[in-house]
>>> print(open('structure.txt').read())   # compact mmCIF, C-alpha atoms and all ligand atoms
# COMPACT_ATOMS: atom_id res chain seq x y z
CA MET N 1 -80.08 230.41 256.07
CA ALA N 2 -77.70 228.05 257.69
CA CYS N 3 -79.07 224.83 256.25
CA ALA N 4 -79.29 226.13 252.68
CA GLN N 5 -75.75 227.32 253.00
CA ARG N 6 -74.66 223.92 254.21
CA LYS N 7 -75.62 222.65 250.76
CA ALA N 8 -73.24 225.23 249.34
CA ASP N 9 -70.30 224.03 251.41
CA GLY N 10 -67.65 221.58 250.34
CA ASP N 11 -66.18 222.03 246.88
CA VAL N 12 -68.45 224.80 245.67
CA GLN N 13 -66.53 227.58 243.97
CA VAL N 14 -68.98 229.42 241.71
CA ILE N 15 -72.13 230.61 243.48
CA GLY N 16 -75.09 232.43 241.94
CA ILE N 17 -76.75 234.98 244.20
CA GLY N 18 -80.42 235.68 243.49
CA SER N 19 -82.71 238.56 244.40
CA GLY N 20 -85.31 239.34 247.00
CA SER N 21 -85.84 239.86 250.70
CA THR N 22 -84.18 236.63 251.85
CA VAL N 23 -81.02 237.00 249.80
CA PRO N 24 -79.30 239.49 252.17
CA PHE N 25 -79.50 236.77 254.85
CA VAL N 26 -77.90 234.28 252.48
CA VAL N 27 -75.02 236.68 251.80
CA GLU N 28 -74.69 237.41 255.50
CA ARG N 29 -74.37 233.69 256.15
CA ILE N 30 -71.77 233.28 253.43
CA VAL N 31 -69.72 236.17 254.82
CA ALA N 32 -69.92 234.62 258.29
CA GLN N 33 -68.08 231.59 256.95
CA GLY N 34 -65.00 233.78 256.85
CA PRO N 35 -62.48 235.05 254.30
CA GLU N 36 -60.55 231.78 254.21
CA VAL N 37 -63.59 229.84 252.97
CA ASN N 38 -64.64 232.58 250.55
CA LYS N 39 -61.29 233.45 249.02
CA ASP N 40 -61.56 230.90 246.20
CA ARG N 41 -65.24 231.51 245.53
CA VAL N 42 -66.73 233.64 242.79
CA PHE N 43 -70.21 235.10 243.18
CA ILE N 44 -72.49 235.78 240.21
CA PRO N 45 -75.37 238.25 240.73
CA THR N 46 -78.85 238.10 239.19
CA GLY N 47 -79.26 241.85 239.16
CA PHE N 48 -78.55 245.20 240.74
CA GLN N 49 -79.53 244.18 244.28
CA SER N 50 -77.36 241.08 244.45
CA LYS N 51 -74.44 242.80 242.76
CA GLU N 52 -74.51 245.47 245.47
CA LEU N 53 -74.69 242.83 248.17
CA ILE N 54 -71.69 240.97 246.76
CA VAL N 55 -69.62 244.13 246.34
CA GLU N 56 -70.50 245.50 249.79
CA ALA N 57 -69.60 242.17 251.37
CA HIS N 58 -66.18 242.29 249.64
CA LEU N 59 -66.83 238.96 247.95
CA ARG N 60 -65.34 238.26 244.52
CA LEU N 61 -67.76 239.34 241.79
CA GLY N 62 -68.05 237.42 238.53
CA ASP N 63 -70.42 237.27 235.60
CA VAL N 64 -72.20 234.44 233.89
CA ASP N 65 -70.31 235.06 230.65
CA GLN N 66 -67.10 234.21 232.53
CA TYR N 67 -68.71 231.35 234.42
CA PRO N 68 -71.51 229.79 232.35
CA THR N 69 -71.50 226.79 234.68
CA ILE N 70 -72.39 227.58 238.26
CA ASP N 71 -72.14 225.13 241.13
CA VAL N 72 -75.09 226.38 243.11
CA THR N 73 -77.47 229.32 242.76
CA ILE N 74 -79.43 230.42 245.82
CA ASP N 75 -82.48 232.58 245.17
CA GLY N 76 -85.76 233.81 246.63
CA ALA N 77 -89.29 233.30 245.27
CA ASP N 78 -92.67 234.95 245.25
CA GLU N 79 -94.51 231.68 245.60
CA VAL N 80 -93.64 227.98 245.59
CA ASP N 81 -96.10 225.17 244.89
CA LYS N 82 -96.14 221.64 246.27
CA ASP N 83 -93.98 220.39 243.37
CA LEU N 84 -91.44 223.22 243.95
CA ASN N 85 -92.51 225.14 240.85
CA CYS N 86 -92.07 228.85 241.54
CA ILE N 87 -93.38 232.24 240.58
CA LYS N 88 -90.53 234.72 240.45
CA GLY N 89 -90.08 238.23 239.13
CA GLY N 90 -91.81 240.32 241.79
CA GLY N 91 -88.66 242.44 241.63
CA ALA N 92 -88.42 242.14 237.82
CA CYS N 93 -85.22 240.07 238.03
CA HIS N 94 -86.57 236.82 236.59
CA LEU N 95 -84.72 236.85 233.26
CA ARG N 96 -81.29 236.89 234.87
CA GLU N 97 -82.52 234.66 237.64
CA LYS N 98 -83.60 232.01 235.18
CA VAL N 99 -80.28 232.20 233.32
CA LEU N 100 -78.44 231.65 236.60
CA ALA N 101 -80.85 228.91 237.63
CA GLU N 102 -80.32 227.06 234.35
CA ALA N 103 -76.57 227.55 234.51
CA ALA N 104 -76.46 226.04 237.99
CA ASP N 105 -75.93 222.38 238.80
CA THR N 106 -78.07 222.99 241.85
CA TRP N 107 -80.75 225.63 242.23
CA ILE N 108 -81.98 226.29 245.76
CA ILE N 109 -84.75 228.59 246.98
CA VAL N 110 -84.79 230.30 250.35
CA ALA N 111 -88.12 231.93 251.17
CA ASP N 112 -90.33 232.73 254.09
CA TYR N 113 -93.28 230.55 255.01
CA ARG N 114 -95.81 232.90 253.34
CA LYS N 115 -94.49 231.81 249.94
CA ASN N 116 -95.45 228.18 250.51
CA SER N 117 -98.56 227.35 248.51
CA ASP N 118 -100.40 224.35 247.08
CA VAL N 119 -101.11 225.96 243.73
CA LEU N 120 -99.26 228.96 242.30
CA GLY N 121 -101.26 232.17 242.26
CA LYS N 122 -103.46 231.22 245.22
CA ASN N 123 -101.39 232.98 247.79
CA VAL N 124 -102.37 236.57 248.57
CA TRP N 125 -98.85 237.17 249.79
CA SER N 126 -96.60 238.37 247.04
CA SER N 127 -93.24 239.98 246.62
CA SER N 128 -92.17 242.47 249.24
CA THR N 129 -89.26 243.43 247.04
CA ALA N 130 -90.92 246.42 245.45
CA MET N 131 -92.11 247.62 248.83
CA CYS N 132 -88.66 247.28 250.37
CA ARG N 133 -87.21 249.22 247.49
CA ASN N 134 -89.63 252.00 248.25
CA GLY N 135 -88.36 252.04 251.81
CA SER N 136 -91.62 250.75 253.26
CA ASP N 137 -92.18 247.74 255.48
CA ASP N 138 -95.91 247.92 254.99
CA VAL N 139 -96.69 244.31 254.17
CA THR N 140 -100.40 245.09 254.26
CA LEU N 141 -99.91 246.18 250.66
CA GLN N 142 -100.09 242.55 249.55
CA TRP N 143 -101.47 241.90 246.13
CA LYS N 144 -102.09 239.02 243.78
CA GLN N 145 -99.86 239.95 240.95
CA GLY N 146 -99.95 236.81 238.86
CA VAL N 147 -97.17 235.72 236.53
CA PRO N 148 -94.47 238.33 235.82
CA VAL N 149 -93.74 238.46 232.09
CA GLU N 150 -90.74 240.48 230.86
CA VAL N 151 -91.41 241.95 227.42
CA ALA N 152 -89.62 243.98 224.78
CA PRO N 153 -91.04 247.50 225.33
CA PHE N 154 -92.25 248.04 221.76
CA ALA N 155 -94.27 244.79 221.87
CA TYR N 156 -96.04 245.22 225.20
CA VAL N 157 -99.49 246.16 223.89
CA LYS N 158 -99.51 243.19 221.53
CA VAL N 159 -98.34 240.84 224.32
CA LEU N 160 -100.97 242.23 226.72
CA GLN N 161 -103.61 241.39 224.14
CA ASN N 162 -102.12 237.90 223.64
CA LEU N 163 -102.10 237.27 227.40
CA ARG N 164 -105.74 238.27 227.72
CA THR N 165 -106.59 235.84 224.93
CA LEU N 166 -104.63 233.14 226.78
CA GLY N 167 -106.88 233.65 229.83
CA SER N 168 -105.33 236.46 231.86
CA GLU N 169 -108.17 238.99 231.69
CA LYS N 170 -106.46 241.32 234.16
CA ALA N 171 -102.97 241.28 232.67
CA SER N 172 -101.47 244.73 233.15
CA LEU N 173 -98.26 246.62 232.65
CA ARG N 174 -96.34 246.97 235.92
CA MET N 175 -96.08 250.66 236.76
CA ALA N 176 -93.29 252.26 238.76
CA LYS N 177 -94.07 253.66 242.20
CA MET N 178 -91.76 256.68 242.31
CA LYS N 179 -91.59 257.43 238.60
CA ALA N 180 -94.21 258.30 236.02
CA GLY N 181 -94.45 255.31 233.71
CA PRO N 182 -93.70 251.60 233.75
CA ILE N 183 -90.92 249.89 235.67
CA VAL N 184 -87.93 249.05 233.50
CA SER N 185 -85.99 245.87 234.23
CA ASP N 186 -82.19 245.67 234.57
CA ASN N 187 -82.30 244.58 230.92
CA GLY N 188 -84.22 247.65 229.72
CA ASN N 189 -87.51 245.79 229.28
CA PHE N 190 -91.06 246.21 230.61
CA VAL N 191 -92.86 243.75 232.89
CA ILE N 192 -96.48 242.64 232.59
CA ASP N 193 -98.20 241.02 235.57
CA ALA N 194 -100.59 238.36 234.35
CA PRO N 195 -102.93 236.66 236.83
CA PHE N 196 -104.39 233.42 235.43
CA PRO N 197 -107.31 231.33 236.68
CA GLU N 198 -106.47 228.54 239.12
CA GLU N 199 -107.16 225.84 236.51
CA GLN N 200 -104.33 227.17 234.37
CA MET N 201 -102.00 227.74 237.32
CA LYS N 202 -102.40 224.09 238.28
CA ASP N 203 -100.30 223.22 235.23
CA PRO N 204 -97.61 225.92 235.30
CA PHE N 205 -95.34 224.09 232.86
CA THR N 206 -97.94 224.15 230.07
CA LEU N 207 -98.76 227.78 230.83
CA LEU N 208 -95.07 228.67 230.78
CA GLY N 209 -94.71 227.18 227.28
CA ARG N 210 -97.73 229.08 225.97
CA ILE N 211 -96.59 232.43 227.31
CA LYS N 212 -93.00 231.91 226.21
CA MET N 213 -94.14 231.29 222.63
CA LEU N 214 -95.63 234.80 222.37
CA THR N 215 -93.37 236.94 220.24
CA GLY N 216 -92.14 239.90 222.25
CA VAL N 217 -91.91 237.91 225.49
CA VAL N 218 -88.35 237.88 226.81
CA GLU N 219 -88.87 235.65 229.87
CA VAL N 220 -91.65 234.31 232.04
CA GLY N 221 -91.55 234.25 235.84
CA LEU N 222 -92.61 230.62 236.05
CA PHE N 223 -89.73 228.36 237.12
CA CYS N 224 -90.86 224.77 236.61
CA HIS N 225 -89.01 221.58 237.53
CA MET N 226 -85.90 223.58 238.41
CA ALA N 227 -85.58 223.73 242.20
CA LYS N 228 -83.66 220.98 243.91
CA ALA N 229 -84.77 222.18 247.33
CA VAL N 230 -86.72 224.98 248.98
CA TYR N 231 -85.97 226.19 252.51
CA PHE N 232 -88.89 227.95 254.14
CA GLY N 233 -88.09 230.12 257.14
CA ASN N 234 -90.94 229.79 259.63
CA GLN N 235 -92.35 232.41 261.95
CA ASP N 236 -90.78 230.75 265.01
CA GLY N 237 -87.30 230.79 263.46
CA SER N 238 -87.35 227.14 262.45
CA VAL N 239 -86.80 226.03 258.86
CA THR N 240 -88.75 223.55 256.76
CA ALA N 241 -86.81 222.09 253.84
CA LYS N 242 -88.57 220.41 250.93
CA TRP N 243 -86.74 218.52 248.19
CA HIS N 244 -87.84 217.89 244.63
CA ASP N 245 -88.24 214.17 245.37
CA GLY N 246 -90.94 214.96 247.95
CA HIS N 247 -88.67 214.47 250.94
CA ALA N 248 -89.03 217.11 253.69
CA GLU N 249 -87.14 217.96 256.86
CA HIS N 250 -87.62 220.36 259.71
CA TYR N 251 -84.82 222.19 261.51
CA ASP N 252 -85.54 223.91 264.79
CA ASN N 253 -84.01 227.19 265.94
CA SER N 254 -80.95 225.53 267.42
CA SER N 255 -79.94 224.08 264.02
CA GLU N 256 -79.51 227.67 262.79
CA ASP N 257 -76.49 228.08 265.08
O1 LIG O 301 -87.55 239.49 240.75
C1 LIG O 301 -87.37 239.20 241.90
C2 LIG O 301 -87.15 237.85 242.38
O2 LIG O 301 -87.72 236.85 241.61
C3 LIG O 301 -87.35 237.63 243.86
O3 LIG O 301 -86.61 236.50 244.20
C4 LIG O 301 -88.80 237.41 244.24
O4 LIG O 301 -89.59 238.47 243.76
C5 LIG O 301 -88.98 237.29 245.76
O5 LIG O 301 -88.72 238.50 246.36
P1 LIG O 301 -89.05 238.79 247.90
O6 LIG O 301 -88.26 237.79 248.69
O7 LIG O 301 -88.58 240.19 248.12
O8 LIG O 301 -90.50 238.62 248.09
>>> encode(input="structure.txt", output="structure tokens", more="lines below")
Ligand SMILES: O=C[C@H](O)[C@H](O)[C@H](O)COP(=O)(O)O
Amino acid sequence: MACAQRKADGDVQVIGIGSGSTVPFVVERIVAQGPEVNKDRVFIPTGFQSKELIVEAHLRLGDVDQYPTIDVTIDGADEVDKDLNCIKGGGACHLREKVLAEAADTWIIVADYRKNSDVLGKNVWSSSTAMCRNGSDDVTLQWKQGVPVEVAPFAYVKVLQNLRTLGSEKASLRMAKMKAGPIVSDNGNFVIDAPFPEEQMKDPFTLLGRIKMLTGVVEVGLFCHMAKAVYFGNQDGSVTAKWHDGHAEHYDNSSED
């Protein structure tokens, strides 16, 4: 998105590239800035998808162990609440995404308007990432997946039980679509999807702390108080930007140049 990328202009040299359906557009926009602008930039991926995008675009690939401080990370989201807290991990990338979000001076989300929600978990729209990976555009397969929780494989049954006790009655292991068995993250872990009642989702920061304390949990797909800004692409091509301080702006189609 043009306006999100504008935030990445200037002196930015180390850029984190997140995962999801909007990220290819971000990379496209970066490439369009030309080789002269990009020659001194290093791009850090959050997983397989973004690594491929960076390599295919002939941008310089780096890793977070070389660059533990990132100027700006641009990522997608499954859902964003009114305080810019996010659910992420529909594509099972949330561990690396959170590392790159924390490493970044500025963390920016680019998402489509269906991800904009008052309270996390209320939105029936969820990640299209898995569907895109399966080569299908069938967005009628929407589901309420809850909070993605990456777990050490040997501990998943214990963590499932813990999550149910915490209030997620329907917590379940995420199963692969084209493979018999569970999906395995880029880090070799399993992912549990844990829907929680609205009352608990209204305070995602407290819920995040509770889930994170469960032994066997590697990372939780709740990103609280992290986003500096979220850019929502609207159906008509315009963009609505919301900042963490409550400020919002609207850009019409022509500002996308
Ligand atoms: O694990 C995946 C990431 O958190 C994605 O950023 C998130 O799932 C959004 O993906 P999409 O834009 O494909 O819905």
>>> residues_near_ligand(input="structure.txt", ligand="ligand LIG 301 (chain O)", cutoff="7 Å", atoms="all atoms listed in the file", output="ChimeraX atom specification")
/N:18-22,75-78,88-94,97,111,126-129
>>> write_last_selection(input="structure.txt", atoms="C-alpha atoms", output="compact mmCIF listing (two decimals), in the frame of the given file")
# COMPACT_ATOMS: atom_id res chain seq x y z
CA GLY N 18 -80.42 235.68 243.49
CA SER N 19 -82.71 238.56 244.40
CA GLY N 20 -85.31 239.34 247.00
CA SER N 21 -85.84 239.86 250.70
CA THR N 22 -84.18 236.63 251.85
CA ASP N 75 -82.48 232.58 245.17
CA GLY N 76 -85.76 233.81 246.63
CA ALA N 77 -89.29 233.30 245.27
CA ASP N 78 -92.67 234.95 245.25
CA LYS N 88 -90.53 234.72 240.45
CA GLY N 89 -90.08 238.23 239.13
CA GLY N 90 -91.81 240.32 241.79
CA GLY N 91 -88.66 242.44 241.63
CA ALA N 92 -88.42 242.14 237.82
CA CYS N 93 -85.22 240.07 238.03
CA HIS N 94 -86.57 236.82 236.59
CA GLU N 97 -82.52 234.66 237.64
CA ALA N 111 -88.12 231.93 251.17
CA SER N 126 -96.60 238.37 247.04
CA SER N 127 -93.24 239.98 246.62
CA SER N 128 -92.17 242.47 249.24
CA THR N 129 -89.26 243.43 247.04
>>> atom_distance(input="structure.txt", atom1="atom CA of N:His244", atom2="atom CA of N:Val149")
24.8 Å
>>> residues_around(input="structure.txt", residues="stretch 225-228 of chain N", least_positions_apart="3", cutoff="12 Å", atoms="all atoms listed in the file", output="ChimeraX atom specification")
/N:4,7,72-77,80-87,97-110,203-206,208,222,231,241-248
>>> axis_aligned_box(input="structure.txt", around="stretch 231-242 of chain N", padding_each_side="8 Å", output="AutoDock Vina command-line options")
--center_x -89.2 --center_y 226.4 --center_z 258.0 --size_x 22.4 --size_y 28.0 --size_z 30.1
>>> closest_residue(input="structure.txt", among="N:Val64, N:Thr165, N:Pro195, N:Ile30", to="N:Gly221", atoms="only C-alpha atoms")
N:Pro195
>>> closest_residue(input="structure.txt", among="N:Gly47, N:Pro182, N:Gly233, N:Gly188", to="N:Ile17", atoms="all atoms listed in the file")
N:Gly47
>>> closest_residue(input="structure.txt", among="N:Gly216, N:Gly167, N:Pro153, N:Gly16", to="N:Pro68", atoms="only C-alpha atoms")
N:Gly16
>>> atom_distance(input="structure.txt", atom1="atom CA of N:Met201", atom2="atom CA of N:Thr46")
25.4 Å
>>> atom_distance(input="structure.txt", atom1="atom CA of N:Glu79", atom2="atom CA of N:Glu199")
16.6 Å
>>> residues_around(input="structure.txt", residues="N:Ala152", least_positions_apart="3", cutoff="10 Å", atoms="all atoms listed in the file", output="NGL selection string")
:N and (155-156 or 159 or 187-191 or 215-219)
